[in-house]
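Undergrad: Handing you a structure now.
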Amino acid sequence: MILRAGAMLLLVYLLGFILFTVTLGRPAASDAAPTDAIVVLTGGPGRIEHGVAALKARHGKRLLVSGTDPAVTKQDLVRRLGGESALIQCCVDLGSESFDTRSNAEEASRWLARHGYRSFRLVTSDWHMRRARYDFRGVLGDKYELVPDAVRSEPHFTTLFGEYNKYVLRRFAVLLDI
């Protein structure tokens, strides 16, 4: 009986992982309605560039780069992106209060409230979007309209496996109120 229950749990876990890998986040549709703001989570290639491109295309009025190192400046961002100085100086904020996805959501919540925004585009890697959306919804509830805008990547198996486990553990932590 215990062996069967263990086998069933393993099967559910493996099927969940397969479902997770074939339903990664996608970029926002090109005809998606503009939002008040854009929130970019640091930690993966192409995220900041994708967020700045969305800002430049007027998919939002202002952009928060959440999770930046406190030593990073807007001038560093201008150098990294090879220009866009006026856009970055006027419309990009660097948030350095967060250290993980949940604290990204808390930092973004304070920033969105401070600016009086009601909607935002969430930019992160495709493999990270599910957990990011889950944490943002957990912190923000339905207070803001969230438009997911995933950066396409080609993640390795280890990245997907690790992210799936983080997602499952996060769901259990919330379920157990830890």
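Residues in the structure tokens are numbered from 1 in each chain, the chains being A, B, ... in the order shown, and ligands are numbered from 1 in the order shown.
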DSSP on the backbone, then: every residue of chain A marked alpha helix (DSSP H), written as number ranges by chain.
TA: A: 2-22, 47-56, 74-81, 85-91, 101-115, 129-140, 157-175
Undergrad: Find the residues near stretch 61-75 of chain A: any atom within 7 Å, counting only C-alpha atoms, skip ones fewer than 5 places away on the same chain, and give them as a ChimeraX atom specification.
TA: /A:36-42,55,88-89,91-99,104
Undergrad: Kindly assemble as JSON lines a list of the stretch 60-141 of chain A residues that lie within 12 Å of stretch 9-22 of chain A, each paired with its nearest atom pair and their distance in Å to one decimal, using only C-alpha atoms, sorted first by chain and then by ascending residue number.
TA:
{"residue": "A:Asp126", "atom": "CA", "partner": "A:Thr21", "partner_atom": "CA", "distance": 10.0}
{"residue": "A:Trp127", "atom": "CA", "partner": "A:Thr21", "partner_atom": "CA", "distance": 7.9}
{"residue": "A:His128", "atom": "CA", "partner": "A:Phe20", "partner_atom": "CA", "distance": 10.6}
{"residue": "A:Met129", "atom": "CA", "partner": "A:Phe20", "partner_atom": "CA", "distance": 10.8}
{"residue": "A:Arg130", "atom": "CA", "partner": "A:Phe20", "partner_atom": "CA", "distance": 8.7}
{"residue": "A:Arg131", "atom": "CA", "partner": "A:Phe20", "partner_atom": "CA", "distance": 10.7}
Undergrad: Deliver the residues from the most recent selection as a file, using N, CA and C atoms, as an mmCIF file, in the first residue's frame.
TA:
data_model
loop_
_atom_site.group_PDB
_atom_site.id
_atom_site.type_symbol
_atom_site.label_atom_id
_atom_site.label_comp_id
_atom_site.auth_asym_id
_atom_site.auth_seq_id
_atom_site.Cartn_x
_atom_site.Cartn_y
_atom_site.Cartn_z
ATOM 1 N N ASP A 126 10.962 32.889 -19.345
ATOM 2 C CA ASP A 126 9.825 31.985 -19.554
ATOM 3 C C ASP A 126 9.745 30.905 -18.479
ATOM 4 N N TRP A 127 10.884 30.363 -18.072
ATOM 5 C CA TRP A 127 10.898 29.296 -17.074
ATOM 6 C C TRP A 127 10.583 29.812 -15.668
ATOM 7 N N HIS A 128 10.702 31.100 -15.435
ATOM 8 C CA HIS A 128 10.493 31.698 -14.118
ATOM 9 C C HIS A 128 9.094 32.309 -13.971
ATOM 10 N N MET A 129 8.385 32.471 -15.077
ATOM 11 C CA MET A 129 7.127 33.221 -15.056
ATOM 12 C C MET A 129 6.065 32.607 -14.145
ATOM 13 N N ARG A 130 5.930 31.291 -14.151
ATOM 14 C CA ARG A 130 4.857 30.679 -13.350
ATOM 15 C C ARG A 130 5.028 31.004 -11.860
ATOM 16 N N ARG A 131 6.231 30.820 -11.340
ATOM 17 C CA ARG A 131 6.456 31.104 -9.920
ATOM 18 C C ARG A 131 6.373 32.600 -9.640
#
Undergrad: As a list in words, please: all residues of chain A that backbone DSSP puts in strand (DSSP E or B).
TA: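 Strand (DSSP E or B) assignments inside chain A correspond to Ala37, Ile38, Val39, Val40, Leu41, Arg62, Leu63, Leu64, Val65, Ser66, Val92, Asp93, Leu94, Gly95, Ser119, Phe120, Arg121, Leu122, Val123, Thr124, Ser125, Glu145, Leu146, Val147, Pro148, Asp149, Ala150 and Val151 of chain A.
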Undergrad: Compile a residue-level contact table for stretch 3-118 of chain A against stretch 147-169 of chain A at a cut-off of 8 Å, reporting for every qualifying residue the shortest atom pair and its distance in Å to one decimal, with only C-alpha atoms counted, rows ordered by chain and ascending number, as a tab-separated table.
TA:
residue	atom	partner	partner_atom	distance
A:Phe17	CA	A:Tyr164	CA	6.5
A:Phe20	CA	A:Tyr164	CA	7.0
A:Thr21	CA	A:Leu160	CA	6.9
A:Gly25	CA	A:Ala150	CA	5.4
A:Arg26	CA	A:Ala150	CA	4.9
A:Pro27	CA	A:Asp149	CA	4.4
A:Ala28	CA	A:Asp149	CA	4.5
A:Thr35	CA	A:Val147	CA	7.8
A:Gly46	CA	A:Val151	CA	6.8
A:Arg47	CA	A:Val151	CA	6.3
A:His50	CA	A:Val151	CA	7.0
Undergrad: I need the residues from that last selection saved to file as a CSV table (one decimal), in the first residue's frame (with C-alpha atoms), if you can.
TA:
chain,number,residue,atom,x,y,z
A,17,PHE,CA,7.1,18.4,-14.3
A,20,PHE,CA,5.5,22.6,-16.3
A,21,THR,CA,8.1,22.2,-19.1
A,25,GLY,CA,5.5,31.5,-20.0
A,26,ARG,CA,5.2,33.3,-23.3
A,27,PRO,CA,5.8,36.9,-24.4
A,28,ALA,CA,2.8,39.2,-24.2
A,35,THR,CA,-0.3,48.9,-18.9
A,46,GLY,CA,17.5,39.5,-21.9
A,47,ARG,CA,15.1,40.5,-19.2
A,50,HIS,CA,13.1,43.2,-23.1
Undergrad: Which residue out of A:Leu24, A:Leu175, A:Met8, A:Leu87 has the minimum interatomic distance to A:Lys56 when only C-alpha atoms are used?
TA: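 Comparing A:Leu24, A:Leu175, A:Met8, A:Leu87 against A:Lys56, the winner is A:Leu87.
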